[in-house]
Every structure is written in structure tokens, then in C-alpha cells.
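Chemist: Would you mind keeping the following structure in view while I ask a few things?
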Amino acid sequence: MKITNTIKITKLLAILFISVFTFTACSDDDDDHDHDSEEELITTVKYTLTNGSDVVTLKFSDPDGDGPIEPVYDIVGDLTANSTYTGMIELLNETESLVEDITEEVKEEANEHEFFYTSNVSGLTITKTDTDGNGNPLGVETSLTTVGAGSGTLTIVLKHEPTKPNDGSSISAGGSTDVEITFDVTIN
Amino acid sequence: MQRLFFLYALLWGFSATAQDCSITFEGKIIDFHDKTPIPGASIVVLNLNRYATSNINGIFKINNLCKGKIILEIQHIACETKQITIDIEKEIHKDIYLEHHLEELNEVILKASTKTEQSNVEQSIKKSVIEEFTDKYLGDALKTISGVSALNTGNSIVKPMIHGLHSSRLLIINNNVRMYDQEWGDEHAPNIDINASDRIDVIKGANTLKYGSDAIGGLILLRPKRYTVKDSLFGSALTSFNSNGLGGSVNSEIIKTYKTGYYTKTQMNYRKFGDFEAPHYNLTNSGVESLNGSVQIGYNSFEKGFDAYYSYVNNEFGILQSSHIGNVNDLVNAINSAQPRVIEDFSYTINVPKQSIMHHLGKIEAYKRFKGFGKLTVQYDFQINRRKEFDLRRGDLKNTPVIDLRLFTTSLQPNLQIDYFNNLKVNAGLLVRYQQNDAVSGTGTSPLIPDFDKYDAGMYAIGNYNLNETTEISTGIRYDFTNINANKEYNVTDWQETYNYDELFPEFESGAIRGTDIPANPRFTYHNISASLGLSKKFNNNIQLLANYGLASRVPNPSELFSEGLHHSAARIETGLLTIGKEIANKFILSLEKNSNDFGFAISPYYNQINSFIQLIPVGITTTIRGAFPVWEYNQIDAQIFGVDIDVNKKISKNFNYSASLSLLQGDNLTDDIPLIHMPAANFSNRLFYINETLNQLKISLSHRTIIQQNRFPDYNFFTYNATIQEEVFVDISSTPPTYSLFGLNTSIVFKVFKGSSLQLEFNIDNVFNVSYREHLNRLRYFSNDLGRNYNLKIKINY
């Protein structure tokens, strides 16, 4: 009895110590700088509106993400009254040395994403012109129509895993917000 | 009993018929610890069925023995029963050393079991309470103790809280090993399978210096069973089924003990649940799967022994899908909507967000007693904790964790217990510990907690002195050294402007700048002193008064120093600060207790004054591409927490018992003169218990628990602009949910199956009235109601 027990104990001790060494061995820290680049960060949202040679861009960039640097709004051009623009949105990650186009990922997972556009400028309407695999709106491509002159704001929201189809409002669509930015727009 | 033995001994003396055998054996019973003789010990000659009792000098004689071997069993009221074999031919005189029960520290210990069930055999009761919670968690089981609450993330991630304090302020000691399982996080539950322990003690004071200097809230001790020295093989299998979550658990343990003192125990546990449900909807993605096991091998004798233990815990927790939100407007929507935004059909699938955690714990402990001196114990242990948290992500990163941390801890602890002196026991020991955190790369995010190495060394001495028969005082002092050495990259703007670290901590800079980042090497050294003073006084009528004072100091944890990042379920950015220093607590606790068979009570008021209390509070709002987020930062304030716990139990009749408890607590932020954040509300509970031993040990109990709405909370509500609806919206993150009451029914019955085996059947109902409620200490309370009614069936086979 005693002998078998002694064997058991020796075995157990062996296992214990081997495991300790194995674990410590694999905890060798080969990744000396653990500051992984932020691979999924969206740093830049660019909404380009084109009507022939009339091109307006609304750009928001926040190169350090959640970091301390304040984001920058860059709005080039004013919208013209009584016009229809073709809108195209672009999401970029500019922290990567090779700038990553997040829009492509959103398009690949179109069923799980949707853009929402709202504006308080009277008469300004935005229609989503593209759809996901199920025939529900996606909103990477849009059509923007202006009526009279004026100014106000335009808000763009990207929802991840919203309810689809929905009533067109980002609030009732739920999901988690990946982008929410508001631009000042002027229509001449 | 002793008298009876004595009588027997006398009778035997007279009635023993004359034989050829005429040898007289003389023995002397001596206290192992102080070498004084022990009178009144009863001695049984097992193989002859004869008895004797030791006299005032510890001496006993057995006459008329034949040649050959005799087996003696020596019993004494305060000692462990001892068996020895003596060859009469070789020795007719022997000194026999007996071990006095080693008295526990002079602590305010409330056993998890004695308060929930009155007047039964200690160990089985304790185990039975644990078995009630076989498919739940440590925090759930501990909530049955007054003054203990829990901080939840959903219903499966449960952190115990003693007197309003949790995480790094509670020490959880699992089989004499202090748990290091990234306990700093609010949503990091202890990686413990409660089925592996036989008894759980909660110590509410801050004065148990043996395990550390930082038990500001208290201690939780999980103890394994001590096995008797005999040849035996036994075990049990416990299966539990639940209607809520359509799942349950299987737990099996088998124990083999040997007369030689060796023992082995193997235990396995598997549990699986699908989506749980609130009274009116499914809690989508709240399923759980876990696999746990433990092995124990040891040798137990009076003079020496060892114990080797290994346990493995692997948990996968689904986290309510609706709790993954993007920004503060999503949070407002969740708070304002009555139901979670995602309600799907029941499923066993665990999707994101989820936590996957693995914990290994191994230890080996050996002891040796020295005559007339004491007991030396040496323990070596190691732990590995690997935590992976998965969130909703896009593209290639879908199956990549956002958090992947591995914490390795190893320690060596010699302890010396000196019991040579009659009225004084001294416990002294040393500790060396090394800890390494590895932020495993490949997550595609910057780590929430950076790589660090931590070194600890400590020493302590505790003395217990018996002033007289009824009064005992205890005192202790402990010193701890801690060194933390971390590597973390800081954003240049943060380092130089936001936090001004370039002026505060220039020594942490390496001089290099990598892009927009500064690689820094924060190093901190701390010296901690802690002390304790305790008094226990026994009065007539089983009344006892305990008084305790504890001075504890806690070094800031890695999260408080270094954390940096976004918490999706809380829609907040959490920031640790290098300027955070240690916190120091003075805790006073009194307890007046009465323990008798038909009536018992405990009234325990306490006062905890904490200087430089570290708290996490909202400090402002930051705008990101995802919208607005509140920023939560750690800061330090002076705080006080005081309250009272009251427990009562009364035997109404032979079959009926009643027990009740009440906990009142108030926490104050003295610096800002406002209530302290996240303090448990006043609560009380009642339990009526029917037991009929003759009718298959039928037990029926009705229980009730009411949690009063917490009206004392700091108001950190704020307004944010919602661009979609073009107006300012109110973000009510502080207001607390209303009062609620829950009722439960427990029934159990035991059948004898065949010799030595029994079958126990249990049927229980939780939340009998299917009440919809939200608990203020549940971090997911913004998103959904808590659990609805659950029918539970347990089948236990003991063999």
C-alpha cells in the first residue's frame, strides 16, 4: 500500500513540476511590444457628393481614435439648391501604414450593417440606392436631393447588427453604433 | 461519556477473570504542544474491549494483559482521537502524545451553513448548502450570509461583495491559496467551482493577516474536507436540471482514504445552460458552459503530512447580446426601452459578446510537528489565468478576442505555529510571490492591461493569548513589500499634456518615441504595514462577544494604474492613472452572538474608514467617430462604510425552525460629501424550515428575500446631444431600480437504496411568483430584467 502511494505521490509531484515548467516556458514573452495596431478602428469618414462637375466632400477624421487628439471636420464645397447628388461613403483606417478601407468589410457583411442619414435642412432628402443580400437597404451608395437654399446639419450613423428591415430610423433599428457624426451643411 | 467509560473501566477491573496473563501496561498521556500531562482521557483497548482513564498525572494502567499486541484508542475532549498499536512483549511503558485542537484565529467567522440551517452536524450542513448552489456560483451561495451581496454582470458572472466591497478588496482563499484571477475587474468573477469545496467561511473583519495585508473588505475561505484516517471508499454523484436556461450540471466525486493516513479525492463538474429567461422574454446569448475538475492527494498523520491539490476551471459565459452598444445614445435607448433590443428564440449557442476563461491552480503543502514546540508548514503554489473576451467585430477579426490576458502567479509560504506555551499561540510566516501578466498579442487592439512583473514579499506574526477561561485576545502585525514593473505605450499627447506624466514621472521614459507613442516603463515600490487586534469574551447562556480592529492597506491594482480603453457593455472609456496611490482602511467590527440549540442570534455592527479609497467615476464626455462616450477615471477620496448585520434563528417546535437576517449599510464619499457609488441596499430575508427525520429526512423550506431600493447614490447623470433626433437627451445612469421581493421553495427527501448508499431527491422553485425585477448591483440592469421563475430538480446519490 505504502509503496503504491509513494509512486502516486512521486508521479503527482512530477506532473506538478513539469506543468509549472511547461507553463512558465510558454509564457516566454516573445512579443516584446504588445501595442498592437488598432486593426478595426475607423479613423475617417468621407461622404462624397457628386453632381456632374459639382463635387462636395464632407470629411471627418480622428487619427488617434479614442485618444486625446480632437477630431477634425473638413467640408469642401457647398451644396447647390434644386439638385440631385450621387452620394458615396468611405470608411478608412488611416493608422495602418497601408490605409485600410473598412467600407469593403461593411459591404461584405452588408446583412449586418446599415447606414442612416438624417438632416434638419428642410427639403433635403437622402435615399439609399444600394441593398444587402436580402434586398434591404445598406446605404453605402445614396442619392441626395436638395430643394431650397438653407443651412443645418447632416448626421450619418452606421449601425452594426441592426434590425433589418426597419422603419428607416436608426433608433428603432437598434444595433450598436459604429459611426455617429454630424456635419454642418450649407445649400446655396 | 467519560464517566461512563470510567464506570466501564471499573467494572472491567472487577469482572476480569483471572488468566495466565499478568502483564501490566502503563501509559502516560501528554499534550504534544506543551508536554503537560492530560488527565481524563479515555483509553479503549480495541482488540480486547477494555477501557481505562488517565489520572491527574496523565497516567493510566491496563492490568492482566497477555503477550502480544494491543491496539489503543485514546480519546480526549479537546483532542484528536488517536490509535496506536503496542507490542506488550517489547514495551510496557509508553508516553503517548495527544494533539489539542488548534484553535482558530479570534475572528468574526460566520459559517455559511450554521446560519442557514440550525443545529445539525457542522460539515454535512455546510456541504448541503454548497450543493444547493451546485449549478450556480460562489457569489450566489455567499449571498445567503447577511452582509454579503454580489456584483453581477448578468446572472452568471457573480462577484461576491462583503460590506459593499469587492474585487481587489476581498481576499478569496481557495484551499489555502490566495486566488489571483484578474480579480480587479468588475466583470471578472472568481474562477472557482464551489463544488470542489466542503465548507466556505466568510470573515467580515480586515484582520486575517495570514493571507495578506489588503483584506479591506474581508476574506472568503474555501476549505476542502479533512478526511478521517481509516480505510474507506466513498463518493457522490449530483445531477441538477433547471427549467430556466434548460440546463443543469453533473458533479461527481470519489474519495479513497487509507488507514495509513493517505487519501485521494477526484472531482469533476460539467454544466451547460442555454439562454436564460426573464419573466416575459428570453435573455438572448446568456448561456453558459463550463468544465471543472480537481484532484487531491495527501497524507495526514499527527506529526507530519502533506497535501497536493490541483484544480482546473474552464468557463464560457455568454453576455446578453443587447448589452453590446456603440455609444451613449445607444445607452440612452437601452435605458428608455422596457425590453432588450435583441430577443430571439431560445438557443444553446454562445455568440459574442462572451468571456472564455481558464484557470489552473496547483499547490503542495507539507507540515511537520515538533514536540513541545509547534508545527512548521511550507506551501508552494502556482496559478495560471487566461482570460479572453470576445466582442462584436468585423471581417477577419470576428473570432479574435478583444482582450487576451494571461496572468501567472507563483508563491512560496512557510508558516510556523508555536503552541508550546499554555495560554499563548503564535503563528508566524513568510511569503514570496512572483506574478507576471502577459497581454497576449494578436488581438488587434491595444491591451487593456499591459505586460507587467510583480514581486511580493511579506512577513507576519499573530499571537493568541488566553487571559482566562472565557477571555482571549489576539493581535498581529504584517509587513509587505510590493514591486510592480510594467511596460506600456502611452500616447504622446496623453503622456505630455493630458496627464503631465513627462514631468511627474520622467524616470519612466526610455527617451524613445515610436510614432505617436511613448514606450514607458512604470515601476512602483510599496511598503505596507497592517495590524490587527481582537478580543473574544464568553458569557453565560452561550453568549459571546467579539471585537475586532483591523488596519489594512491595499496597493493599487493594474487596472487602477494602467487600464485604458472602451467598455462596450457600459458604453464608457475607462482610464487608470499612474498617480493613484495605495488605500488604507481601519475597520472596526463588533459581534454579539448567542448559539444554543433552540435560539441563536448574531448582531454585528461595523465601521470601516478608508483613506484614499480608489473609485471609478464619470469625469466627462469625449467625442469619437462612434459618437459621444462618458469617460470614467479612477480617483481617490476618503470614504466611510458602516452598518449592521443581524441574524436570528429560532427553533419553533421539534420540526419547525425559523431564521431571519437583516443587513443595513451606508457608504459615504467624505471628500465630496455625497453617497459612495455602488453600495448594496438594505435587505432582509426570512426562512421557515420544516424537517422530519423519521419521514425520510423530509425537508421543506420557504424563503423570502427583499431588497429595498437604494436611495443613497451619487448623481452622475448627464445630458448628451442626440444628433439624430436633434435634441439634448438625459442619460440616467445613476437612478436605481425599485424594491423587490423574491420567494423560494426548497424540498428534499432521502431514500436508503442499499447498505451505505442513499438517494436524495430535491425539488426547488426560485422566484416562485415570477417577479420582474432589476438589481441595482447588476451591471446589465440597463438592458434587461433579471431571471424569472425556475423549477429545479436535483438527484444525488451518495455511496
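In the C-alpha cells, chains take the letters A, B, ... in the order shown, each chain's residues start at 1, and ligands count up from 1 in the order shown.
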Quick one: residues within 8 Å of Asn487 (chain B), only C-alpha atoms, excluding same-chain residues fewer than 4 positions away - as a PyMOL selection string?
Modeler: chain B and resi 450-452+519-522
Chemist: Pull C-alpha atoms from the residues just selected and write them as an mmCIF file, in the first residue's frame.
Modeler:
```cif
data_model
loop_
_atom_site.group_PDB
_atom_site.id
_atom_site.type_symbol
_atom_site.label_atom_id
_atom_site.label_comp_id
_atom_site.auth_asym_id
_atom_site.auth_seq_id
_atom_site.Cartn_x
_atom_site.Cartn_y
_atom_site.Cartn_z
ATOM 1 C CA PRO B 450 -0.137 45.980 -20.154
ATOM 2 C CA ASP B 451 2.618 43.444 -19.551
ATOM 3 C CA PHE B 452 3.943 43.617 -16.032
ATOM 4 C CA PRO B 519 7.116 53.468 -24.661
ATOM 5 C CA ALA B 520 7.170 53.836 -20.889
ATOM 6 C CA ASN B 521 8.380 51.607 -18.110
ATOM 7 C CA PRO B 522 6.406 52.457 -14.959
#
```
Chemist: Output as a VMD selection string all residues of region 485-536 of chain B that backbone DSSP marks as alpha helix (DSSP H).
Modeler: chain B and resid 492 to 493 501 to 504
Chemist: Can you tell me, as JSON, numbers by chain, what residues are no more than 6 Å from region 179-187 of chain A when counting only C-alpha atoms, ignoring any on the same chain fewer than 3 positions away?
Modeler: {"A": [78, 79, 80, 81, 149, 150, 151, 152, 153, 154, 155, 156, 157, 158], "B": [625, 626, 627]}
Chemist: What residues in chain B have any atom no more than 7 Å from chain A when counting only C-alpha atoms, and can you write them as a list in words?
Modeler: His324, Ile325, Gly326, Asn327, Asp330, Arg341, Arg394, Gly395, Ala439, Ser441, Gly442, Gly444, Thr445, Ser446, Pro447, Glu489, Thr493, Asp494, Thr624, Ile625, Arg626, Gly627, Ala723 and Thr724 of chain B
Chemist: Name the closest residue to Pro224 (chain B) among the candidates B:Asn175, B:Asn191, B:Thr144, B:Asn251; distances are taken between atoms, counting only C-alpha atoms.
Modeler: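 Nearest to Pro224 (chain B): B:Asn175.
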Chemist: Within 7 Å of Ala41 (chain B), counting only C-alpha atoms, which residues show up once you throw out same-chain ones fewer than 3 positions away? Write them as a list of chain:residue names, please.
Modeler: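 Listing them by chain and then by number gives B:Ile38, B:Thr53, B:Ser54, B:Ile74, B:Gln75, B:His76.
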Chemist: Now that the selection is made, can you save its residues with N, CA and C atoms as a PDB file, in the first residue's frame?
Modeler:
```
ATOM      1  N   ILE B  38      -2.139  14.975  30.410  1.00  0.00           N
ATOM      2  CA  ILE B  38      -3.561  15.187  30.147  1.00  0.00           C
ATOM      3  C   ILE B  38      -4.377  14.222  31.000  1.00  0.00           C
ATOM      4  N   THR B  53      -8.916   5.136  32.111  1.00  0.00           N
ATOM      5  CA  THR B  53      -8.949   6.591  32.058  1.00  0.00           C
ATOM      6  C   THR B  53      -7.663   7.128  32.670  1.00  0.00           C
ATOM      7  N   SER B  54      -7.101   8.151  32.091  1.00  0.00           N
ATOM      8  CA  SER B  54      -5.854   8.688  32.630  1.00  0.00           C
ATOM      9  C   SER B  54      -6.137   9.500  33.891  1.00  0.00           C
ATOM     10  N   ILE B  74      -7.185   6.394  21.985  1.00  0.00           N
ATOM     11  CA  ILE B  74      -7.194   7.371  23.064  1.00  0.00           C
ATOM     12  C   ILE B  74      -8.057   8.556  22.647  1.00  0.00           C
ATOM     13  N   GLN B  75      -9.006   8.870  23.513  1.00  0.00           N
ATOM     14  CA  GLN B  75      -9.900   9.987  23.217  1.00  0.00           C
ATOM     15  C   GLN B  75      -9.823  11.012  24.320  1.00  0.00           C
ATOM     16  N   HIS B  76      -9.846  12.275  23.931  1.00  0.00           N
ATOM     17  CA  HIS B  76      -9.951  13.339  24.921  1.00  0.00           C
ATOM     18  C   HIS B  76     -10.754  14.478  24.308  1.00  0.00           C
TER      19      HIS B  76
END
```
Chemist: Taking the backbone alone, and naming residues the way the document does, which bits of region 60-145 of chain A are strand (DSSP E) by DSSP, as number ranges by chain?
Modeler: A: 60-61, 72-76, 84-93, 100-101, 113-119, 125-128, 141-145
Chemist: Just the selected residues (N, CA and C atoms), exported as a compact mmCIF listing (two decimals), in the first residue's frame, please.
Modeler:
```
# COMPACT_ATOMS: atom_id res chain seq x y z
N PHE A 60 -14.60 63.63 -42.00
CA PHE A 60 -14.35 63.66 -40.56
C PHE A 60 -13.17 62.74 -40.31
N SER A 61 -12.15 63.25 -39.61
CA SER A 61 -11.06 62.32 -39.29
C SER A 61 -10.58 62.49 -37.86
N VAL A 72 -11.09 66.18 -36.57
CA VAL A 72 -11.10 67.33 -37.50
C VAL A 72 -12.22 67.15 -38.52
N TYR A 73 -13.02 68.21 -38.71
CA TYR A 73 -14.05 68.23 -39.74
C TYR A 73 -13.49 68.97 -40.94
N ASP A 74 -13.65 68.41 -42.11
CA ASP A 74 -13.14 69.06 -43.31
C ASP A 74 -14.24 69.04 -44.37
N ILE A 75 -14.88 70.19 -44.57
CA ILE A 75 -16.01 70.25 -45.50
C ILE A 75 -15.59 71.10 -46.70
N VAL A 76 -15.60 70.49 -47.86
CA VAL A 76 -15.17 71.20 -49.06
C VAL A 76 -16.37 71.40 -49.97
N THR A 84 -29.67 67.13 -57.57
CA THR A 84 -29.60 65.76 -57.08
C THR A 84 -28.16 65.29 -57.18
N TYR A 85 -27.63 64.83 -56.06
CA TYR A 85 -26.25 64.36 -56.00
C TYR A 85 -26.21 62.85 -55.82
N THR A 86 -25.16 62.26 -56.35
CA THR A 86 -24.91 60.85 -56.07
C THR A 86 -23.96 60.80 -54.88
N GLY A 87 -24.38 60.12 -53.83
CA GLY A 87 -23.54 60.08 -52.63
C GLY A 87 -22.82 58.76 -52.48
N MET A 88 -21.60 58.82 -52.00
CA MET A 88 -20.80 57.61 -51.78
C MET A 88 -20.04 57.77 -50.48
N ILE A 89 -20.15 56.77 -49.60
CA ILE A 89 -19.46 56.91 -48.32
C ILE A 89 -18.22 56.01 -48.27
N GLU A 90 -17.22 56.49 -47.57
CA GLU A 90 -15.96 55.76 -47.45
C GLU A 90 -15.53 55.75 -45.98
N LEU A 91 -15.21 54.59 -45.47
CA LEU A 91 -14.69 54.48 -44.10
C LEU A 91 -13.25 53.99 -44.19
N LEU A 92 -12.34 54.69 -43.54
CA LEU A 92 -10.93 54.32 -43.64
C LEU A 92 -10.31 54.15 -42.26
N ASN A 93 -9.30 53.28 -42.22
CA ASN A 93 -8.45 53.21 -41.03
C ASN A 93 -7.08 53.72 -41.46
N GLU A 100 -6.41 51.20 -44.68
CA GLU A 100 -7.37 50.12 -44.83
C GLU A 100 -8.74 50.69 -45.14
N ASP A 101 -9.41 50.08 -46.12
CA ASP A 101 -10.75 50.53 -46.50
C ASP A 101 -11.79 49.68 -45.78
N HIS A 113 -25.13 45.30 -41.43
CA HIS A 113 -24.85 46.73 -41.32
C HIS A 113 -25.92 47.56 -42.01
N GLU A 114 -26.04 48.79 -41.57
CA GLU A 114 -26.86 49.76 -42.31
C GLU A 114 -26.46 51.17 -41.92
N PHE A 115 -26.39 52.04 -42.94
CA PHE A 115 -26.15 53.47 -42.69
C PHE A 115 -27.49 54.17 -42.57
N PHE A 116 -27.51 55.22 -41.76
CA PHE A 116 -28.72 56.05 -41.61
C PHE A 116 -28.31 57.50 -41.77
N TYR A 117 -29.12 58.26 -42.53
CA TYR A 117 -28.80 59.66 -42.80
C TYR A 117 -29.98 60.51 -42.34
N THR A 118 -29.71 61.54 -41.56
CA THR A 118 -30.79 62.45 -41.18
C THR A 118 -30.29 63.89 -41.30
N SER A 119 -31.21 64.79 -41.63
CA SER A 119 -30.83 66.19 -41.75
C SER A 119 -31.99 67.07 -41.30
N THR A 125 -33.37 65.52 -48.83
CA THR A 125 -33.68 64.10 -48.64
C THR A 125 -32.54 63.23 -49.13
N ILE A 126 -32.36 62.13 -48.43
CA ILE A 126 -31.30 61.19 -48.82
C ILE A 126 -31.93 59.81 -48.94
N THR A 127 -31.74 59.18 -50.08
CA THR A 127 -32.30 57.86 -50.32
C THR A 127 -31.16 56.87 -50.50
N LYS A 128 -31.30 55.70 -49.88
CA LYS A 128 -30.27 54.66 -50.05
C LYS A 128 -30.53 53.97 -51.38
N GLU A 141 -24.16 53.59 -50.89
CA GLU A 141 -24.46 54.46 -52.03
C GLU A 141 -25.82 55.12 -51.78
N THR A 142 -25.85 56.43 -52.08
CA THR A 142 -27.08 57.18 -51.80
C THR A 142 -27.36 58.19 -52.89
N SER A 143 -28.53 58.73 -52.80
CA SER A 143 -28.89 59.82 -53.70
C SER A 143 -29.41 60.96 -52.83
N LEU A 144 -28.82 62.17 -52.98
CA LEU A 144 -29.19 63.30 -52.13
C LEU A 144 -29.85 64.38 -52.99
N THR A 145 -31.01 64.80 -52.55
CA THR A 145 -31.74 65.82 -53.31
C THR A 145 -31.94 67.07 -52.45
```
Chemist: Would you work out the distance separating CA of Ser553 (chain B) from CA of Ile418 (chain B), expressed in Å to one decimal?
Modeler: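 If I compute the distance from CA of Ser553 (chain B) to CA of Ile418 (chain B), I get 26.9 Å.
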Chemist: With a distance cut-off of 9 Å and only C-alpha atoms, select the neighbouring residues of region 716-718 of chain B, excluding the residue or stretch itself and same-chain residues fewer than 4 positions from it, and output the selection as a PyMOL selection string.
Modeler: chain B and resi 617-619+729-735
